[in-house]
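Trainee: Got query-v3.cif for you, mmCIF, C-alpha atoms:
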```
data_work
loop_
_atom_site.label_atom_id
_atom_site.label_comp_id
_atom_site.auth_asym_id
_atom_site.auth_seq_id
_atom_site.Cartn_x
_atom_site.Cartn_y
_atom_site.Cartn_z
CA MET A 1 -48.42 -209.15 -66.15
CA LEU A 2 -49.57 -211.90 -63.82
CA TYR A 3 -52.49 -211.15 -61.53
CA ALA A 4 -50.50 -212.71 -58.66
CA SER A 5 -48.26 -209.64 -58.65
CA ALA A 6 -48.54 -206.96 -55.97
CA ARG A 7 -50.88 -203.99 -56.37
CA PHE A 8 -49.71 -200.39 -56.28
CA TRP A 9 -51.28 -196.92 -56.36
CA LEU A 10 -50.01 -193.45 -57.29
CA LEU A 11 -49.60 -190.42 -55.02
CA ASP A 12 -49.27 -187.11 -56.84
CA PHE A 13 -47.09 -184.11 -56.00
CA PHE A 14 -49.93 -182.43 -54.11
CA GLY A 15 -50.45 -185.24 -51.58
CA GLN A 16 -53.45 -186.84 -53.28
CA VAL A 17 -53.92 -190.26 -54.86
CA VAL A 18 -54.83 -190.82 -58.49
CA ASP A 19 -58.34 -192.28 -58.63
CA HIS A 20 -60.98 -193.14 -61.22
CA ASP A 21 -64.52 -191.77 -61.43
CA PRO A 22 -66.59 -194.63 -62.91
CA LEU A 23 -69.58 -192.39 -63.72
CA ARG A 24 -67.60 -189.91 -65.82
CA ASP A 25 -64.91 -192.48 -66.76
CA CYS A 26 -62.12 -190.03 -65.99
CA LEU A 27 -59.12 -189.81 -63.69
CA PHE A 28 -58.91 -187.36 -60.81
CA SER A 29 -56.89 -186.86 -57.64
CA VAL A 30 -58.33 -187.05 -54.15
CA THR A 31 -57.22 -187.08 -50.52
CA PRO A 32 -57.25 -190.82 -49.80
CA PRO A 33 -59.96 -191.86 -47.32
CA PRO A 34 -58.30 -194.14 -44.73
CA GLY A 35 -58.96 -197.82 -45.36
CA ARG A 36 -60.34 -197.33 -48.89
CA TYR A 37 -58.26 -198.40 -51.84
CA PRO A 38 -58.46 -196.00 -54.81
CA GLY A 39 -60.30 -197.13 -57.93
CA LEU A 40 -57.16 -197.09 -60.08
CA PHE A 41 -54.08 -199.29 -59.55
CA PHE A 42 -51.42 -201.31 -61.34
CA PHE A 43 -49.78 -204.70 -60.87
CA ALA A 44 -46.00 -205.03 -60.63
CA ASP A 45 -43.56 -207.75 -59.60
CA ASN A 46 -41.02 -205.10 -58.58
CA ALA A 47 -41.86 -201.39 -58.43
CA SER A 48 -38.38 -200.45 -57.22
CA LEU A 49 -36.68 -201.00 -60.59
CA ALA A 50 -35.08 -198.08 -62.41
CA GLU A 51 -37.53 -198.60 -65.29
CA PHE A 52 -40.68 -200.71 -65.68
CA THR A 53 -44.00 -200.76 -67.51
CA VAL A 54 -47.16 -199.50 -65.81
CA THR A 55 -50.59 -200.60 -67.02
CA LEU A 56 -53.21 -198.70 -65.02
CA ARG A 57 -56.33 -200.71 -64.25
CA LYS A 58 -59.77 -199.49 -63.25
CA VAL A 59 -61.60 -201.27 -60.43
CA VAL A 60 -64.80 -200.58 -62.40
CA SER A 61 -63.93 -201.36 -66.00
CA LEU A 62 -65.21 -199.08 -68.75
CA PRO A 63 -64.18 -199.12 -72.41
CA ARG A 64 -62.11 -195.92 -72.69
CA PRO A 65 -58.47 -197.08 -72.78
CA ILE A 66 -55.68 -195.73 -70.59
CA PRO A 67 -52.31 -195.28 -72.31
CA GLN A 68 -49.62 -197.73 -71.26
CA LEU A 69 -46.84 -195.96 -69.36
CA LEU A 70 -43.12 -196.37 -68.79
CA ALA A 71 -42.05 -195.59 -65.23
CA ASN A 72 -38.61 -194.07 -64.73
CA ARG A 73 -37.36 -193.86 -61.15
CA LEU A 74 -35.62 -190.66 -60.08
CA PRO A 75 -32.90 -190.45 -57.38
CA SER A 76 -35.46 -188.89 -55.02
CA GLY A 77 -37.48 -192.13 -55.04
CA VAL A 78 -40.40 -190.89 -57.14
CA VAL A 79 -41.17 -191.85 -60.74
CA THR A 80 -42.14 -190.17 -63.96
CA LEU A 81 -44.71 -191.93 -66.16
CA ARG A 82 -44.19 -191.46 -69.91
CA ARG A 83 -46.64 -192.67 -72.52
CA MET A 84 -45.35 -195.62 -74.56
CA ASP A 85 -47.23 -194.64 -77.73
CA GLY A 86 -44.39 -192.52 -79.13
CA THR A 87 -45.91 -189.14 -78.24
CA GLY A 88 -43.27 -188.50 -75.57
CA ARG A 89 -45.92 -187.14 -73.22
CA TYR A 90 -46.25 -187.76 -69.49
CA LEU A 91 -48.97 -188.40 -66.95
CA ARG A 92 -49.50 -185.27 -64.85
CA SER A 93 -51.60 -184.03 -61.97
CA ILE A 94 -52.82 -180.44 -62.19
CA GLU A 95 -53.77 -179.04 -58.79
CA ASN A 96 -57.56 -178.68 -58.51
CA GLU A 97 -57.96 -179.48 -62.22
CA GLY A 98 -57.49 -183.23 -62.64
CA ILE A 99 -55.24 -185.80 -64.26
CA ASP A 100 -54.22 -186.09 -67.90
CA PHE A 101 -51.55 -187.62 -70.12
CA GLN A 102 -50.49 -184.48 -72.03
CA ALA A 103 -47.38 -183.07 -70.29
CA THR A 104 -44.42 -182.53 -72.60
CA GLU A 105 -41.83 -182.59 -69.77
CA ALA A 106 -41.59 -184.13 -66.33
CA LYS A 107 -41.66 -181.30 -63.80
CA ASP A 108 -42.63 -181.69 -60.13
CA TRP A 109 -46.32 -182.26 -60.86
CA GLU A 110 -45.45 -184.97 -63.41
CA GLN A 111 -43.74 -187.00 -60.68
CA PHE A 112 -45.50 -189.63 -58.59
CA PHE A 113 -44.76 -191.64 -55.48
CA ILE A 114 -45.73 -195.31 -55.62
CA LEU A 115 -47.87 -196.53 -52.73
CA SER A 116 -47.64 -200.24 -51.95
CA GLU A 117 -50.43 -202.23 -50.33
CA PRO A 118 -48.54 -202.31 -46.98
CA MET A 119 -48.12 -198.52 -47.22
CA MET A 120 -51.85 -198.10 -47.84
CA HIS A 121 -52.56 -200.27 -44.78
CA SER A 122 -50.08 -198.29 -42.69
CA TYR A 123 -51.74 -195.08 -43.84
CA ALA A 124 -55.10 -196.43 -42.66
CA ILE A 125 -53.58 -197.14 -39.22
CA LEU A 126 -51.57 -193.95 -38.83
CA SER A 127 -54.12 -191.50 -40.26
CA GLN A 128 -56.99 -192.33 -37.89
CA ALA A 129 -56.88 -191.24 -34.26
CA ALA A 130 -59.56 -193.84 -33.50
CA VAL A 131 -57.27 -196.62 -34.76
CA SER A 132 -53.89 -195.59 -33.33
CA THR A 133 -52.32 -193.11 -30.95
CA ILE A 134 -49.02 -191.50 -31.97
CA THR A 135 -46.84 -190.05 -29.24
CA ASP A 136 -43.43 -188.36 -29.36
CA GLU A 137 -40.41 -189.01 -27.13
CA GLN A 138 -41.92 -186.80 -24.41
CA GLY A 139 -45.23 -188.69 -24.52
CA ALA A 140 -47.18 -185.90 -26.22
CA VAL A 141 -49.93 -187.10 -28.57
CA GLN A 142 -49.31 -186.14 -32.20
CA ALA A 143 -51.78 -185.39 -34.99
CA PRO A 144 -52.32 -188.37 -37.33
CA LEU A 145 -50.42 -188.95 -40.55
CA ARG A 146 -51.45 -187.08 -43.66
CA PHE A 147 -49.91 -186.85 -47.12
CA VAL A 148 -48.66 -183.36 -48.00
CA GLN A 149 -47.16 -181.58 -50.99
CA GLY A 150 -43.84 -182.74 -52.36
CA HIS A 151 -44.43 -186.48 -51.82
CA ASN A 152 -44.08 -185.99 -48.09
CA GLY A 153 -45.87 -187.20 -44.99
CA GLN A 154 -46.69 -185.18 -41.91
CA ILE A 155 -47.28 -186.36 -38.34
CA GLY A 156 -47.89 -183.55 -35.89
CA ASP A 157 -45.60 -180.74 -37.02
CA ARG A 158 -42.99 -183.12 -38.46
CA VAL A 159 -42.77 -183.25 -42.26
CA PHE A 160 -40.72 -186.08 -43.78
CA SER A 161 -39.97 -187.73 -47.11
CA LEU A 162 -42.16 -190.74 -47.80
CA ALA A 163 -39.49 -192.30 -50.02
CA ALA A 164 -36.77 -192.00 -47.37
CA ASN A 165 -39.00 -193.57 -44.72
CA LEU A 166 -40.95 -196.14 -46.72
CA PRO A 167 -39.59 -199.34 -45.07
CA ALA A 168 -40.27 -197.99 -41.56
CA LEU A 169 -43.75 -196.84 -42.53
CA GLU A 170 -44.63 -200.13 -44.25
CA GLU A 171 -43.71 -202.09 -41.09
CA ILE A 172 -46.62 -200.45 -39.25
CA ALA A 173 -48.99 -202.44 -41.49
CA SER A 174 -48.29 -205.54 -39.41
CA LEU A 175 -49.02 -203.85 -36.06
CA GLY A 176 -51.95 -205.71 -34.52
CA ALA A 177 -54.77 -204.32 -32.40
CA GLY A 178 -53.61 -203.55 -28.85
CA ALA A 179 -49.92 -203.67 -29.82
CA ALA A 180 -47.34 -200.89 -29.78
CA ALA A 181 -44.15 -200.26 -31.74
CA PRO A 182 -41.63 -197.48 -32.36
CA LEU A 183 -41.59 -195.62 -35.67
CA VAL A 184 -38.20 -194.09 -36.42
CA LEU A 185 -38.41 -191.36 -39.06
CA SER A 186 -35.50 -189.74 -40.90
CA ALA A 187 -35.74 -186.01 -41.42
CA ARG A 188 -34.35 -184.20 -44.46
CA ASN A 189 -31.54 -182.67 -42.37
CA GLY A 190 -30.29 -186.13 -41.40
CA ASP A 191 -31.79 -186.11 -37.91
CA SER A 192 -34.16 -188.85 -36.79
CA VAL A 193 -37.16 -188.85 -34.49
CA THR A 194 -38.70 -191.83 -32.72
CA LEU A 195 -42.47 -191.92 -32.35
CA GLN A 196 -44.49 -194.54 -30.47
CA ILE A 197 -47.45 -196.07 -32.31
CA THR A 198 -50.12 -197.73 -30.16
CA ARG A 199 -53.00 -199.57 -31.83
CA SER A 200 -56.43 -199.24 -30.27
#
```
Show this structure as structure tokens.
Mentor:
Amino acid sequence: MLYASARFWLLDFFGQVVDHDPLRDCLFSVTPPPGRYPGLFFFADNASLAEFTVTLRKVVSLPRPIPQLLANRLPSGVVTLRRMDGTGRYLRSIENEGIDFQATEAKDWEQFFILSEPMMHSYAILSQAAVSTITDEQGAVQAPLRFVQGHNGQIGDRVFSLAANLPALEEIASLGAGAAAPLVLSARNGDSVTLQITRS
């Protein structure tokens, strides 16, 4: 894999990103602090393929190896990550217990949403009230974006699929200071809502 490829991160089923603890040299999941990239990522030329190889990389490199994984994209837009060493096991996130590579089947908590660099930047903008103001169609200020269970996002009381709204969310990454733009979100029932994003 060429280092000129884009970087990506993993969001687990519980709304947390997969990160690396360099002191204990282990993986864990954490609510992503806005503007901070997690300590574990992978390079990919195209993370939207039906199947591709994932080599997780630590920002702080330590000798314990991480198994190479094969990503398989599901119709919902998330991926499963199966070890390529012949064990048939999957990467999984266990709520409040950590991350391991021992799952024998890919249930909900063995599924991950891939966060692109533009999505991480958009998250930093949309998740901080000091950086942006989000208003609804009536002009009411909404609570900032947060990641929630089921690979969803939530703004105010509106919960929406990250996968179904990824292009619209990624566009917010290019919103400059002092600028404003609409954010049109698709709900699971097929309805849409238009929010106004105003950068501070």
Trainee: As an exercise, work out the distance from CA of Gly153 in chain A to CA of Ala177 in chain A in Å and give it to one decimal place.
Mentor: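 It comes out at 23.0 Å.
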Trainee: At a cut-off of 10 Å, using all atoms listed in the file, what residues contact Leu185 in chain A? Leave out same-chain residues fewer than 6 positions from it and give the result as an MDAnalysis selection string.
Mentor: chainID A and resid 158:162 164:166 168:169 191:195
Trainee: Just the residues within 7 Å of Thr133 in chain A, please, counting only C-alpha atoms, with nothing from its chain fewer than 5 positions along; format it as JSON, numbers by chain.
Mentor: {"A": [141, 197, 198, 199]}
Trainee: Evaluated on this file, the PyMOL selection byres ((chain A and resi 68) around 7) picks out some residues - which ones are they, written as a list in words?
Mentor: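 Output of the PyMOL selection byres ((chain A and resi 68) around 7): Val54, Thr55, Ile66, Pro67, Leu69, Arg83 and Met84 of chain A.
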Trainee: Identify, on the basis of only C-alpha atoms, every residue whose closest approach to range 103-105 of chain A does not exceed 12 Å; exclude the query and any residue fewer than 6 positions from it along the same chain; express the result as a ChimeraX atom specification.
Mentor: /A:80-83,86-94,111
Trainee: For the residues selected in the previous step, produce a file with C-alpha atoms as a PDB file, in the frame of the given file.
Mentor:
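Result went into again10.pdb, see below:
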```
ATOM      1  CA  THR A  80     -42.140-190.170 -63.960  1.00  0.00           C
ATOM      2  CA  LEU A  81     -44.710-191.930 -66.160  1.00  0.00           C
ATOM      3  CA  ARG A  82     -44.190-191.460 -69.910  1.00  0.00           C
ATOM      4  CA  ARG A  83     -46.640-192.670 -72.520  1.00  0.00           C
ATOM      5  CA  GLY A  86     -44.390-192.520 -79.130  1.00  0.00           C
ATOM      6  CA  THR A  87     -45.910-189.140 -78.240  1.00  0.00           C
ATOM      7  CA  GLY A  88     -43.270-188.500 -75.570  1.00  0.00           C
ATOM      8  CA  ARG A  89     -45.920-187.140 -73.220  1.00  0.00           C
ATOM      9  CA  TYR A  90     -46.250-187.760 -69.490  1.00  0.00           C
ATOM     10  CA  LEU A  91     -48.970-188.400 -66.950  1.00  0.00           C
ATOM     11  CA  ARG A  92     -49.500-185.270 -64.850  1.00  0.00           C
ATOM     12  CA  SER A  93     -51.600-184.030 -61.970  1.00  0.00           C
ATOM     13  CA  ILE A  94     -52.820-180.440 -62.190  1.00  0.00           C
ATOM     14  CA  GLN A 111     -43.740-187.000 -60.680  1.00  0.00           C
TER      15      GLN A 111
END
```
Trainee: Excluding same-chain residues fewer than 3 positions from Pro34 in chain A, what lies within 7 Å of it counting only C-alpha atoms, as a ChimeraX atom specification?
Mentor: /A:123-124,127
Trainee: If the PyMOL selection byres ((chain A and resi 134) around 10) were run on this exact file, what residues would it hold? Put them as a list in words.
Mentor: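 Evaluating the PyMOL selection byres ((chain A and resi 134) around 10) on these coordinates yields Leu126, Ser127, Gln128, Ala129, Ser132, Thr133, Thr135, Asp136, Gly139, Ala140, Val141, Gln142, Ala143, Pro144, Leu145, Ile155, Gly156, Ala180, Pro182, Leu183, Leu195, Gln196, Ile197, Thr198 and Arg199 of chain A.
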Trainee: Considering all atoms listed in the file, state which residue in the set A:Leu175, A:Leu56, A:Ala44, A:Cys26 is at the smallest distance from Ile125 in chain A.
Mentor: A:Leu175
Trainee: Compare A:Gly178, A:Pro75, A:Gly98, A:Gly150 by their minimum atom-to-atom distance to Val30 in chain A, counting all atoms listed in the file, and give me the closest one.
Mentor: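 Checking each candidate against Val30 in chain A, we get A:Gly98 as the closest.
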Trainee: Using all atoms listed in the file, which residues sit within 8 Å of Phe41 in chain A once same-chain residues fewer than 2 positions away are excluded, as a ChimeraX atom specification?
Mentor: /A:7-10,38-39,43,56-59
Trainee: Residues picked by the PyMOL selection byres ((chain A and resi 95) around 12) here, as a ChimeraX atom specification?
Mentor: /A:12-18,28-30,92-94,96-100,108-110,149
Trainee: Could you jot down the CA of Val131 in chain A to CA of Ser200 in chain A separation for me, Å, one decimal place?
Mentor: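 Straight-line distance from CA of Val131 in chain A to CA of Ser200 in chain A works out to 5.3 Å.
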Trainee: Quick one: distance from CA of Arg188 in chain A to CA of Ala71 in chain A in Å, one decimal?
Mentor: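 The value is 24.9 Å.
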Trainee: Restricting the calculation to only C-alpha atoms, which member of A:Thr31, A:Ser5, A:Ser76, A:Asn152 is positioned closest to Asp45 in chain A?
Mentor: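 When distances to Asp45 in chain A are compared using only C-alpha atoms, the smallest one comes from A:Ser5.
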Trainee: Smallest atom-to-atom distance to Asn46 in chain A: which of A:Ser116, A:Gln138, A:Ser174, A:Ser122, using all atoms listed in the file?
Mentor: A:Ser116
